[in-house]
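**Student:** Sharing a structure with you now.
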Amino acid sequence: MASLTIRKLDETIKAYLRLRSAKNGRSVEEEVRVILGELIQGRPEFTAAPSQAVLPSADPRSPTVRRADATAQPRVTLIIGGGIAAYKALDLIRRLKERHIHVRCVLTKAAQQFVTPLAASALSNERCYTDLFDPESEFDAGHIRLARDCDLIVVAPATADLMAKMAQGHADDLASAILLAANRPILLAPAMNPLMWNNAATRRNAATLERDGVAMVGPNAGEMAEAGEAGVGRMAEALEIASAAERFLRPPQPRPLAGKRVLITAGPTHEPIDPVRYIANRSSGKQGFAIAAAAQAAGAEVTLISGPVELSDPAGVLVKHVESAREMLHRVEVALPVDIAIFAAAVADWRVANEGEQKLKKTAAGMPPLQLVENPDILATISKLQDKRPGLVIGFAAETENLIDNAKAKLARKGCDWIVANDVSPATGIMGGDRNTVHLLTRDGAEISVDSWPAMTKEQVAAALVARIATAAVEKPS
Ligand code: CTP
């Protein structure tokens, strides 16, 4: 297929694109993508395709766009300044890419004395930019795009000259114009001779830039490229710069449950009738697994005890797979003591008393009588422990009628602290589905409060529950 660049479009279309992109605050390229997305919307042959998740839709707030953004790699515009440390910027490109960060390089004129645009392009797998007056990229104000179509601008090496230009607001070449037009965070990796770094002018410029919110990594102390010279001025190592960039792009998540041990039960239980048959229920285990993943992400040490489900084990969680209610109780007891226990499993209330050792056969006498006996109530057993009772015990109440009243009664009967109540009538689609509508019942002495949450995905319910637990854990450390 012949390649189509925006430059090759006719002037009327270009003018329309420029106007439309300026109005929407997007680059022309981005605007073209949106227009194509709009065209494809509503065309079943496209919308049914699996690739639709990454097609931008007309509405930038639509879930399609958010999903595309969420899965996209973070983007860095890397400005390489003209200093001997520029060779390390090539390694930095690799280090950023190793971290799944998309890199677009800009080389100053002086940088090209040390490294070539070809090397930067080859390593970044992207076109490299060098000229403010480049008709290929500047017909639609490419410097603005380079400044904004990214999540972070990294300047490495940031020379004394580049820092001075930034501090003064110059824009006479591509690098300084990008830095002046930027509305993204900027990270500098200064590199210069120690005398230049300590010069009063550089000190003033560095202080101005810091006041302007520009971040810096390095410079480090050490030997200079100039023979016999040492001091502060060496550019930070590529790995240090890449880690500093990553902290901007993927800030560490808060870990409010760090140091807490959390136990979760999930899924159905299977109660054998004979070696090939069992009693089960429709639980998918999705809600319990989502809670385990959310608690793990919040820093907790999580043990998940799951009945038979078709889900993969959440990363970083210790998972014990069981079949029956009695096995589940045993595994729960072995996992104690814990700080927080959440019983999301849909445990079968009964099991078959006279479980057949061999497959039950049809006989002339008719159906074999199945005698049911009650299973141990895991939640009630753990809630009532004298010893080793977790500081916070949370149950679920799966109801098909009188949701809140039944859940209140269950909270009292089981002796737990909180109950997450949900309506599992078939019409709600909750059992086995991806969404949940829950009410959180919390007990303070005899007082029960009910907090009704809107319909959410099971992951969102999990995140909200973990956030509530984190607040409670801070208020009442166990
Ligand atoms: N539960 C349990 N062990 C059981 C039965 C239930 O640990 N043998 C827990 C569930 O994991 C849930 C809570 O108890 O946290 C309530 O479960 P639910 O099925 O709603 O209620 P049941 O106790 O089974 O009562 P009922 O069938 O009368 O509604």
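All residue names refer to the structure tokens as shown: chains lettered A, B, ... in order, residues numbered from 1 in each chain, ligands numbered from 1 in order.
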Within 7 Å of ligand 1, which residues show up when you count only C-alpha atoms and all ligand atoms? List them as an MDAnalysis selection string, please.
**Tutor:** chainID A and resid 265 325 343:349 375:380 395:399
**Student:** Could you pull the residues within 12 Å of Arg211 of chain A, counting only C-alpha atoms, minus those fewer than 6 positions along the same chain, as a PyMOL selection string?
**Tutor:** chain A and resi 167+204-205
**Student:** Those same residues, written as a PDB file, in the first residue's frame with N, CA and C atoms?
**Tutor:**
```pdb
ATOM      1  N   ALA A 167      16.179  28.435  31.260  1.00  0.00           N
ATOM      2  CA  ALA A 167      15.925  29.369  32.358  1.00  0.00           C
ATOM      3  C   ALA A 167      15.509  30.733  31.808  1.00  0.00           C
ATOM      4  N   ARG A 204      22.500  29.878  39.305  1.00  0.00           N
ATOM      5  CA  ARG A 204      21.270  30.696  39.209  1.00  0.00           C
ATOM      6  C   ARG A 204      20.258  30.008  38.298  1.00  0.00           C
ATOM      7  N   ASN A 205      20.756  29.506  37.155  1.00  0.00           N
ATOM      8  CA  ASN A 205      19.837  28.861  36.200  1.00  0.00           C
ATOM      9  C   ASN A 205      19.213  27.599  36.802  1.00  0.00           C
TER      10      ASN A 205
END
```
**Student:** Just the strand (DSSP E) stuff from segment 145-296 of chain A, please, per backbone DSSP, written as a ChimeraX atom specification.
**Tutor:** /A:152-158,186-190,215-216,220-223,230-234,261-266,271-274,277-279
**Student:** Go ahead and dump the residues you just picked, C-alpha atoms, as a PDB file, in the first residue's frame.
**Tutor:**
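Output (selection_22.pdb):
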```pdb
ATOM      1  CA  LEU A 152       7.449  13.277  30.128  1.00  0.00           C
ATOM      2  CA  ILE A 153      10.283  15.220  28.536  1.00  0.00           C
ATOM      3  CA  VAL A 154      13.761  14.035  29.470  1.00  0.00           C
ATOM      4  CA  VAL A 155      16.815  16.151  28.646  1.00  0.00           C
ATOM      5  CA  ALA A 156      20.007  14.091  28.719  1.00  0.00           C
ATOM      6  CA  PRO A 157      22.612  15.404  28.701  1.00  0.00           C
ATOM      7  CA  ALA A 158      21.278  18.778  29.820  1.00  0.00           C
ATOM      8  CA  ILE A 186      10.492  17.866  32.494  1.00  0.00           C
ATOM      9  CA  LEU A 187      13.388  15.828  33.868  1.00  0.00           C
ATOM     10  CA  LEU A 188      16.933  17.090  33.326  1.00  0.00           C
ATOM     11  CA  ALA A 189      20.103  15.050  33.583  1.00  0.00           C
ATOM     12  CA  PRO A 190      22.724  17.800  33.729  1.00  0.00           C
ATOM     13  CA  ALA A 215      13.125  17.997  38.073  1.00  0.00           C
ATOM     14  CA  MET A 216      16.758  16.909  37.974  1.00  0.00           C
ATOM     15  CA  ASN A 220      27.088  12.884  39.949  1.00  0.00           C
ATOM     16  CA  ALA A 221      30.590  13.365  41.240  1.00  0.00           C
ATOM     17  CA  GLY A 222      33.440  11.625  39.430  1.00  0.00           C
ATOM     18  CA  GLU A 223      36.059  11.761  36.735  1.00  0.00           C
ATOM     19  CA  ALA A 230      37.092  15.422  38.620  1.00  0.00           C
ATOM     20  CA  GLY A 231      34.180  16.871  40.588  1.00  0.00           C
ATOM     21  CA  VAL A 232      30.404  17.220  40.362  1.00  0.00           C
ATOM     22  CA  GLY A 233      29.201  17.345  36.767  1.00  0.00           C
ATOM     23  CA  ARG A 234      29.107  13.792  35.411  1.00  0.00           C
ATOM     24  CA  ARG A 261      -2.094 -10.669  56.410  1.00  0.00           C
ATOM     25  CA  VAL A 262      -5.352 -11.154  54.567  1.00  0.00           C
ATOM     26  CA  LEU A 263      -7.241 -14.421  54.064  1.00  0.00           C
ATOM     27  CA  ILE A 264      -9.937 -14.709  51.395  1.00  0.00           C
ATOM     28  CA  THR A 265     -12.253 -17.559  50.427  1.00  0.00           C
ATOM     29  CA  ALA A 266     -13.725 -17.611  46.940  1.00  0.00           C
ATOM     30  CA  GLU A 271     -19.763 -31.643  47.429  1.00  0.00           C
ATOM     31  CA  PRO A 272     -19.319 -35.160  46.075  1.00  0.00           C
ATOM     32  CA  ILE A 273     -22.269 -37.474  45.576  1.00  0.00           C
ATOM     33  CA  ASP A 274     -20.060 -40.255  44.256  1.00  0.00           C
ATOM     34  CA  ARG A 277     -20.972 -36.434  40.541  1.00  0.00           C
ATOM     35  CA  TYR A 278     -21.181 -33.495  42.863  1.00  0.00           C
ATOM     36  CA  ILE A 279     -23.472 -30.750  44.185  1.00  0.00           C
TER      37      ILE A 279
END
```
**Student:** Got a sec: who's within 12 Å of Ala245 of chain A, counting only C-alpha atoms, leaving out chain neighbours fewer than 2 positions off, as a ChimeraX atom specification?
**Tutor:** /A:74-78,92-93,95-97,99-103,151-156,185-189,215-217,238-243,247-251
**Student:** Figure out the distance between atom CA of Ala297 of chain A and atom CA of Pro256 of chain A, please, to one decimal in Å.
**Tutor:**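 A separation of 9.3 Å between them.
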